[in-house]
file input-v4.txt (compact mmCIF, C-alpha atoms)
# COMPACT_ATOMS: atom_id res chain seq x y z
CA MET A 1 15.36 30.02 -10.13
CA ARG A 2 11.75 31.12 -10.38
CA ILE A 3 9.09 29.09 -8.60
CA PRO A 4 7.13 28.15 -11.77
CA GLU A 5 10.36 27.04 -13.42
CA ALA A 6 11.32 24.98 -10.37
CA PHE A 7 7.94 23.24 -10.32
CA GLY A 8 8.22 22.66 -14.05
CA ARG A 9 11.56 20.93 -13.66
CA LEU A 10 10.26 18.88 -10.76
CA ALA A 11 7.25 17.73 -12.79
CA LYS A 12 9.51 16.85 -15.70
CA ALA A 13 11.82 14.84 -13.43
CA ASN A 14 8.88 12.92 -11.97
CA ALA A 15 7.50 12.19 -15.42
CA GLU A 16 10.87 10.93 -16.63
CA ALA A 17 11.43 8.84 -13.51
CA GLY A 18 8.26 6.91 -14.29
CA GLY A 19 9.64 5.96 -17.70
CA SER A 20 13.02 4.74 -16.44
CA LYS A 21 11.76 1.12 -16.43
CA GLN A 22 11.29 1.33 -20.20
CA VAL A 23 14.84 2.50 -20.91
CA PRO A 24 16.33 -1.02 -21.39
CA ALA A 25 13.72 -1.77 -24.06
CA LEU A 26 14.40 1.62 -25.69
CA LEU A 27 18.14 0.93 -25.83
CA ARG A 28 17.51 -2.52 -27.29
CA GLN A 29 15.28 -1.06 -30.01
CA LEU A 30 17.87 1.61 -30.77
CA ALA A 31 20.63 -0.99 -31.02
CA THR A 32 18.53 -3.18 -33.33
CA LEU A 33 17.56 -0.33 -35.64
CA SER A 34 21.10 1.05 -35.72
CA SER A 35 22.56 -2.35 -36.60
CA ALA A 36 20.06 -2.50 -39.49
CA GLY A 37 21.64 0.65 -40.96
CA ILE A 38 18.87 3.08 -40.03
CA PRO A 39 20.19 6.60 -39.24
CA LEU A 40 20.13 7.59 -35.58
CA VAL A 41 17.49 10.35 -35.89
CA GLN A 42 15.18 8.14 -37.95
CA ALA A 43 15.62 5.27 -35.48
CA LEU A 44 14.68 7.53 -32.58
CA GLU A 45 11.63 8.76 -34.49
CA ILE A 46 10.49 5.16 -35.00
CA ILE A 47 10.93 4.45 -31.30
CA ARG A 48 9.10 7.67 -30.45
CA SER A 49 6.09 6.63 -32.53
CA THR A 50 5.65 3.47 -30.45
CA THR A 51 6.33 5.01 -27.02
CA GLN A 52 3.27 5.25 -24.77
CA HIS A 53 4.87 6.89 -21.74
CA ARG A 54 4.46 10.67 -21.98
CA GLY A 55 7.61 11.60 -20.05
CA LEU A 56 9.79 9.22 -22.05
CA ALA A 57 8.25 10.39 -25.32
CA GLN A 58 8.97 14.01 -24.44
CA ALA A 59 12.57 13.13 -23.62
CA ILE A 60 12.99 11.35 -26.97
CA ASP A 61 11.60 14.40 -28.77
CA GLU A 62 14.22 16.61 -27.10
CA VAL A 63 16.99 14.12 -27.89
CA ILE A 64 15.94 14.07 -31.56
CA ILE A 65 16.01 17.88 -31.72
CA ASN A 66 19.46 18.03 -30.10
CA ILE A 67 20.94 15.38 -32.40
CA ALA A 68 19.45 17.08 -35.46
CA SER A 69 21.14 20.31 -34.36
CA GLY A 70 24.54 18.60 -34.26
CA GLN A 71 24.90 17.38 -30.69
CA PRO A 72 26.31 13.89 -30.01
CA LEU A 73 23.94 11.22 -28.72
CA ALA A 74 25.70 10.98 -25.33
CA THR A 75 25.42 14.73 -24.75
CA SER A 76 21.73 14.67 -25.65
CA LEU A 77 21.03 11.78 -23.27
CA ARG A 78 22.85 13.49 -20.39
CA ALA A 79 20.13 16.14 -20.36
CA HIS A 80 17.80 13.48 -18.92
CA PRO A 81 19.62 11.94 -15.92
CA GLN A 82 16.37 10.51 -14.53
CA LEU A 83 16.23 8.20 -17.54
CA PHE A 84 19.81 7.68 -18.67
CA ASP A 85 22.42 7.18 -15.99
CA ALA A 86 26.04 8.29 -16.21
CA ILE A 87 27.22 4.77 -17.09
CA THR A 88 25.03 4.57 -20.18
CA CYS A 89 26.06 8.05 -21.32
CA ASN A 90 29.78 7.37 -20.75
CA LEU A 91 29.67 4.12 -22.69
CA ILE A 92 27.81 5.72 -25.59
CA GLN A 93 30.34 8.56 -25.58
CA ALA A 94 33.18 6.04 -25.74
CA GLY A 95 31.50 4.37 -28.70
CA GLU A 96 31.03 7.69 -30.48
CA GLN A 97 34.66 8.67 -29.92
CA ALA A 98 35.87 5.30 -31.24
CA SER A 99 33.44 5.43 -34.21
CA ALA A 100 31.94 2.17 -32.95
CA LEU A 101 28.56 3.34 -31.70
CA GLU A 102 26.46 0.66 -33.42
CA PRO A 103 28.19 -2.42 -31.91
CA LEU A 104 28.50 -0.75 -28.51
CA LEU A 105 24.79 0.10 -28.39
CA GLY A 106 24.00 -3.60 -28.37
CA ARG A 107 26.27 -4.15 -25.37
CA VAL A 108 24.82 -1.14 -23.59
CA ALA A 109 21.31 -2.49 -24.16
CA GLN A 110 22.32 -5.93 -22.90
CA HIS A 111 23.92 -4.36 -19.82
CA ALA A 112 20.78 -2.33 -19.06
CA GLU A 113 18.60 -5.43 -19.42
CA GLN A 114 20.82 -7.47 -17.12
CA GLN A 115 20.87 -4.74 -14.49
CA ALA A 116 17.08 -4.39 -14.65
CA LEU A 117 16.64 -8.17 -14.31
CA LEU A 118 18.98 -8.31 -11.33
CA ARG A 119 17.17 -5.41 -9.69
CA GLN A 120 13.83 -7.16 -10.19
CA LYS A 121 15.14 -10.33 -8.54
CA VAL A 122 16.31 -8.43 -5.48
CA GLN A 123 13.04 -6.50 -5.25
CA ARG A 124 11.03 -9.71 -5.59
CA ALA A 125 12.93 -11.24 -2.71
CA MET A 126 12.22 -8.20 -0.52
CA ARG A 127 8.60 -7.64 -1.55
CA TYR A 128 7.00 -10.74 -0.04
CA PRO A 129 8.41 -10.35 3.50
CA LEU A 130 7.46 -6.68 3.54
CA LEU A 131 3.93 -7.56 2.42
CA VAL A 132 3.52 -10.15 5.18
CA LEU A 133 4.90 -7.76 7.80
CA SER A 134 2.53 -5.05 6.59
CA VAL A 135 -0.46 -7.38 6.84
CA ALA A 136 0.58 -8.48 10.33
CA SER A 137 0.96 -4.86 11.43
CA ALA A 138 -2.41 -3.85 9.97
CA VAL A 139 -4.25 -6.78 11.55
CA SER A 140 -2.60 -6.19 14.93
CA LEU A 141 -3.42 -2.49 14.81
CA ALA A 142 -7.05 -3.22 13.94
CA LEU A 143 -7.32 -5.68 16.84
CA LEU A 144 -5.82 -3.22 19.31
CA LEU A 145 -8.02 -0.31 18.20
CA PHE A 146 -11.38 -2.00 17.65
CA VAL A 147 -11.50 -5.48 19.19
CA VAL A 148 -9.46 -5.19 22.39
CA PRO A 149 -11.50 -2.22 23.76
CA ARG A 150 -14.65 -4.40 23.73
CA PHE A 151 -12.86 -7.04 25.76
CA ALA A 152 -11.60 -4.33 28.14
CA GLU A 153 -15.20 -3.35 28.93
CA MET A 154 -16.07 -6.98 29.60
CA PHE A 155 -13.01 -7.54 31.79
CA GLY A 156 -13.91 -4.47 33.84
CA ASP A 157 -17.00 -6.29 35.12
CA PHE A 158 -15.02 -9.39 36.16
CA GLY A 159 -13.34 -7.76 39.14
CA ALA A 160 -10.53 -10.31 38.96
CA GLU A 161 -6.83 -9.84 38.39
CA LEU A 162 -5.95 -10.20 34.72
CA PRO A 163 -2.98 -12.21 33.40
CA ALA A 164 0.16 -10.17 32.75
CA VAL A 165 -0.04 -10.73 28.99
CA THR A 166 -3.64 -9.52 28.84
CA ALA A 167 -2.86 -6.47 30.99
CA ARG A 168 -0.01 -5.46 28.66
CA VAL A 169 -2.21 -5.83 25.59
CA LEU A 170 -4.90 -3.68 27.23
CA SER A 171 -2.29 -1.04 28.10
CA ALA A 172 -1.08 -0.99 24.51
CA SER A 173 -4.67 -0.58 23.30
CA GLU A 174 -5.30 2.30 25.73
CA TRP A 175 -2.09 4.00 24.62
CA LEU A 176 -3.10 3.80 20.97
CA GLN A 177 -6.61 5.10 21.66
CA SER A 178 -5.29 8.02 23.72
CA GLY A 179 -3.26 9.34 20.78
CA GLY A 180 -0.38 6.90 20.65
CA TRP A 181 -1.09 6.18 17.01
CA GLN A 182 -0.26 9.81 16.26
CA SER A 183 3.14 9.35 17.86
CA GLY A 184 3.63 6.22 15.78
CA VAL A 185 2.74 8.08 12.59
CA GLY A 186 5.08 10.90 13.58
CA ILE A 187 7.96 8.49 14.20
CA GLY A 188 7.30 6.74 10.90
CA LEU A 189 7.22 10.07 9.08
CA CYS A 190 10.50 11.12 10.68
CA ILE A 191 12.13 7.84 9.62
CA PHE A 192 10.78 8.26 6.09
CA LEU A 193 12.05 11.83 5.80
CA THR A 194 15.42 10.81 7.21
CA LEU A 195 15.79 8.06 4.63
CA ARG A 196 14.72 10.42 1.86
CA SER A 197 17.27 13.03 2.93
CA THR A 198 20.22 10.62 3.08
CA LYS A 199 21.31 11.65 -0.41
CA TYR A 200 22.16 15.06 1.04
CA LEU A 201 24.08 13.46 3.94
CA PRO A 202 26.71 11.11 2.45
CA GLY A 203 27.95 9.94 5.85
CA LEU A 204 24.47 8.89 7.01
CA SER A 205 23.67 7.32 3.65
CA SER A 206 26.88 5.29 3.74
CA GLY A 207 26.07 4.06 7.25
CA ILE A 208 22.54 3.01 6.27
CA ASP A 209 23.78 1.25 3.13
CA LYS A 210 26.41 -0.57 5.18
CA LEU A 211 23.76 -1.57 7.71
CA LYS A 212 21.61 -3.05 4.93
CA LEU A 213 24.41 -5.46 4.09
CA ARG A 214 24.39 -6.79 7.67
CA ILE A 215 20.70 -7.67 7.78
CA PRO A 216 20.38 -11.41 8.51
CA LEU A 217 19.42 -13.50 5.46
CA PHE A 218 19.00 -10.46 3.19
CA GLY A 219 22.41 -8.82 3.59
CA ALA A 220 24.37 -11.67 2.00
CA PHE A 221 22.51 -11.77 -1.29
CA GLN A 222 22.32 -7.96 -1.40
CA GLN A 223 26.11 -7.88 -1.23
CA ARG A 224 26.36 -10.45 -4.02
CA ALA A 225 23.97 -8.38 -6.13
CA LEU A 226 26.10 -5.26 -5.60
CA ILE A 227 29.29 -7.13 -6.51
CA ALA A 228 27.62 -8.50 -9.64
CA ARG A 229 26.46 -5.03 -10.66
CA LEU A 230 29.89 -3.50 -9.99
CA THR A 231 31.89 -6.14 -11.85
CA ARG A 232 29.45 -6.29 -14.77
CA THR A 233 29.57 -2.54 -15.30
CA LEU A 234 33.34 -2.39 -14.82
CA ALA A 235 33.85 -5.19 -17.35
CA LEU A 236 31.73 -3.42 -19.95
CA MET A 237 33.54 -0.11 -19.45
CA LEU A 238 36.98 -1.74 -19.70
CA GLN A 239 35.98 -3.64 -22.84
CA ALA A 240 34.79 -0.33 -24.29
CA GLY A 241 38.34 0.98 -24.00
CA MET A 242 38.07 3.09 -20.85
CA PRO A 243 41.07 3.02 -18.48
CA LEU A 244 40.59 1.40 -15.08
CA SER A 245 41.07 4.66 -13.17
CA GLU A 246 38.14 6.23 -15.07
CA ALA A 247 35.94 3.15 -15.23
CA LEU A 248 36.08 2.29 -11.52
CA PRO A 249 34.25 5.39 -10.15
CA GLY A 250 31.56 5.09 -12.82
CA ALA A 251 31.05 1.39 -12.07
CA ALA A 252 30.73 2.19 -8.36
CA GLU A 253 27.96 4.71 -9.11
CA ALA A 254 26.02 1.95 -10.86
CA THR A 255 25.65 0.12 -7.54
CA SER A 256 23.65 3.04 -6.03
CA ASN A 257 25.23 2.12 -2.69
CA GLN A 258 27.13 4.84 -0.85
CA HIS A 259 29.10 2.29 1.21
CA PHE A 260 30.39 0.60 -1.94
CA LEU A 261 31.10 3.99 -3.47
CA ARG A 262 33.23 4.95 -0.46
CA LEU A 263 35.11 1.65 -0.63
CA THR A 264 35.70 2.13 -4.35
CA LYS A 265 37.27 5.52 -3.72
CA GLN A 266 39.72 3.81 -1.36
CA VAL A 267 40.44 1.20 -4.04
CA GLN A 268 40.97 3.90 -6.65
CA ALA A 269 43.46 5.70 -4.40
CA GLN A 270 45.44 2.48 -3.94
CA ILE A 271 45.42 1.76 -7.68
CA SER A 272 46.74 5.28 -8.32
CA SER A 273 49.64 4.48 -5.99
CA GLY A 274 50.54 1.42 -8.08
CA ARG A 275 48.69 -1.49 -6.45
CA GLY A 276 46.69 -4.01 -8.43
CA LEU A 277 42.90 -4.13 -8.47
CA ALA A 278 42.71 -7.52 -6.75
CA ASP A 279 44.97 -6.47 -3.87
CA ALA A 280 43.10 -3.20 -3.39
CA LEU A 281 39.73 -4.96 -3.36
CA SER A 282 41.02 -7.55 -0.89
CA ASP A 283 41.92 -4.82 1.62
CA THR A 284 38.30 -3.59 1.76
CA CYS A 285 37.10 -6.93 3.23
CA ALA A 286 33.89 -6.49 1.19
CA PHE A 287 34.91 -8.89 -1.58
CA PRO A 288 35.28 -12.64 -0.91
CA ALA A 289 38.63 -14.29 -1.56
CA ARG A 290 37.24 -16.28 -4.48
CA ILE A 291 36.46 -13.04 -6.33
CA THR A 292 39.76 -11.31 -5.66
CA GLN A 293 41.61 -14.45 -6.74
CA MET A 294 39.74 -14.55 -10.06
CA ILE A 295 40.43 -10.85 -10.60
CA ALA A 296 44.12 -11.42 -9.82
CA VAL A 297 44.22 -14.12 -12.52
CA GLY A 298 42.58 -11.72 -14.96
CA GLU A 299 45.20 -9.07 -14.21
CA GLU A 300 48.06 -11.51 -14.65
CA THR A 301 46.76 -12.83 -17.97
CA GLY A 302 45.81 -9.40 -19.34
CA ALA A 303 42.13 -10.37 -19.62
CA LEU A 304 40.70 -8.37 -16.75
CA GLY A 305 37.54 -7.37 -18.60
CA GLY A 306 36.64 -10.94 -19.51
CA MET A 307 37.39 -12.21 -16.00
CA LEU A 308 35.20 -9.50 -14.44
CA GLU A 309 32.41 -10.58 -16.75
CA ARG A 310 32.80 -14.17 -15.54
CA VAL A 311 32.70 -12.96 -11.94
CA ALA A 312 29.49 -11.06 -12.68
CA ASP A 313 27.92 -14.15 -14.29
CA HIS A 314 28.83 -16.28 -11.26
CA GLU A 315 27.50 -13.75 -8.75
CA GLU A 316 24.26 -13.21 -10.68
CA LYS A 317 23.63 -16.96 -10.68
CA GLY A 318 24.37 -16.94 -6.95
CA VAL A 319 21.85 -14.14 -6.41
CA GLU A 320 19.19 -16.05 -8.34
CA ALA A 321 19.84 -19.19 -6.29
CA SER A 322 19.81 -17.18 -3.06
CA VAL A 323 16.48 -15.59 -3.97
CA ASP A 324 14.93 -19.01 -4.62
CA SER A 325 16.29 -20.57 -1.43
CA LEU A 326 15.46 -17.49 0.62
CA GLY A 327 11.87 -17.55 -0.60
CA ALA A 328 11.52 -21.22 0.31
CA MET A 329 13.10 -20.61 3.73
CA ILE A 330 11.40 -17.41 4.77
CA GLU A 331 7.82 -18.26 3.76
CA PRO A 332 7.21 -20.70 6.66
CA LEU A 333 9.04 -18.38 9.06
CA LEU A 334 6.77 -15.49 8.09
CA MET A 335 3.69 -17.65 8.49
CA VAL A 336 4.84 -18.62 11.97
CA PHE A 337 5.53 -14.97 12.79
CA LEU A 338 2.10 -13.94 11.53
CA GLY A 339 0.46 -16.68 13.58
CA VAL A 340 2.38 -15.78 16.73
CA VAL A 341 1.58 -12.06 16.49
CA VAL A 342 -2.11 -12.29 15.60
CA GLY A 343 -2.72 -15.52 17.48
CA GLY A 344 -0.92 -14.13 20.52
CA LEU A 345 -3.22 -11.12 20.63
CA VAL A 346 -6.32 -13.29 20.34
CA LEU A 347 -5.07 -15.71 23.00
CA ALA A 348 -4.25 -12.82 25.36
CA MET A 349 -7.87 -11.66 25.13
CA TYR A 350 -9.42 -15.08 25.70
CA LEU A 351 -7.01 -16.17 28.44
CA PRO A 352 -9.04 -14.53 31.27
CA VAL A 353 -12.20 -16.17 29.92
CA PHE A 354 -10.52 -19.57 29.94
CA GLN A 355 -9.25 -19.03 33.47
CA MET A 356 -12.67 -18.05 34.78
CA GLY A 357 -14.22 -21.01 33.04
CA GLY A 358 -11.77 -23.33 34.78
CA VAL A 359 -10.03 -24.42 31.59
CA PHE A 360 -6.61 -23.44 32.99

call {"tool": "encode", "arguments": {"input": "input-v4.txt", "output": "structure tokens"}}
result
Amino acid sequence: MRIPEAFGRLAKANAEAGGSKQVPALLRQLATLSSAGIPLVQALEIIRSTTQHRGLAQAIDEVIINIASGQPLATSLRAHPQLFDAITCNLIQAGEQASALEPLLGRVAQHAEQQALLRQKVQRAMRYPLLVLSVASAVSLALLLFVVPRFAEMFGDFGAELPAVTARVLSASEWLQSGGWQSGVGIGLCIFLTLRSTKYLPGLSSGIDKLKLRIPLFGAFQQRALIARLTRTLALMLQAGMPLSEALPGAAEATSNQHFLRLTKQVQAQISSGRGLADALSDTCAFPARITQMIAVGEETGALGGMLERVADHEEKGVEASVDSLGAMIEPLLMVFLGVVVGGLVLAMYLPVFQMGGVF
């Protein structure tokens, strides 16, 4: 591939990635216009006229051209994987093959909206702690680089032995001033590049994704969110007429979790050997007994798709409740952490002054 062409594709991918958040609304508009009897090309042109995002608008233009030339909608959407995932394309293809595209588009739009809402809830729960930790790190770094050195000059004139806590803080400040911050930036950059390259290393990516599920407080509701996403997608694909053996790998991809994807491959192998879905899921130890029991009932009654949808509803409500309770629980803990870190640094600097003044 030529270098200009490679950069062109990269720019196009970045532009499309920025418009991925608008895809649920696009699918909902397409479903509404299609149900009103408007032809597919005309419906896409109407959506295109109201689209503000340049990358998404360009993708719609290409989809319109492809459909007008005779390509199916699913095939046209697959040319833009940054916007339309494999699940959406597979479901639309199933609707086209069954001549039921219009009713299925509504379900696809609803599924995309539910997945986006669930993703926002998880991100909201993670955003506040990360913000507080970032503020604490920035304040601590500023104190060590700019405030502590002034105290070090003052303590040098005391000629007295400093408390152990103060001495350690001064050592940390000296290390940062002598180039330690460069080492910190280098380590952070290495961690960032490692995380970015995990998609090329499935084993490492699976290990990191598994580790995320074991993080105290956060791991539990992340697991529930993944189960909700998996069961919701699997239910929709089964109700669209796809066999379980084909729907399961696609539903696992919707979780964007390599650990769950690896477990799903094990489940698929067991299903191919004749075992039921509930038994196979139970062997992974990643699904609680309450879920496998509900799935077993769905298999026995022949209503697996509907039961999976009920499981997804229950888990999504659990995620929402966990986010609310986690926010109420972690806010005071973060405030205490922030006070201990920043207040500890300030106290370590004033402790020698208090001692010399006879306070302690």

call {"tool": "residues_around", "arguments": {"input": "input-v4.txt", "residues": "Ala240 (chain A)", "least_positions_apart": "2", "cutoff": "8 Å", "atoms": "all atoms listed in the file", "output": "list in words"}}
result
Leu91, Ala94, Gly95, Leu104, Leu236, Met237, Leu238 and Met242 of chain A

call {"tool": "atom_distance", "arguments": {"input": "input-v4.txt", "atom1": "CA of Met294 (chain A)", "atom2": "CA of Leu308 (chain A)"}}
result
8.1 Å

call {"tool": "closest_residue", "arguments": {"input": "input-v4.txt", "among": "A:Ile65, A:Ile187, A:Val108, A:Ala280", "to": "Phe84 (chain A)", "atoms": "only C-alpha atoms"}}
result
A:Val108

call {"tool": "closest_residue", "arguments": {"input": "input-v4.txt", "among": "A:Gly302, A:Ile330, A:Val63, A:Phe354", "to": "Pro129 (chain A)", "atoms": "all atoms listed in the file"}}
result
A:Ile330

call {"tool": "residues_around", "arguments": {"input": "input-v4.txt", "residues": "region 334-350 of chain A", "least_positions_apart": "5", "cutoff": "12 Å", "atoms": "only C-alpha atoms", "output": "ChimeraX atom specification"}}
result
/A:128-144,147-155,162-170,172-173,326-329,355-357,359-360
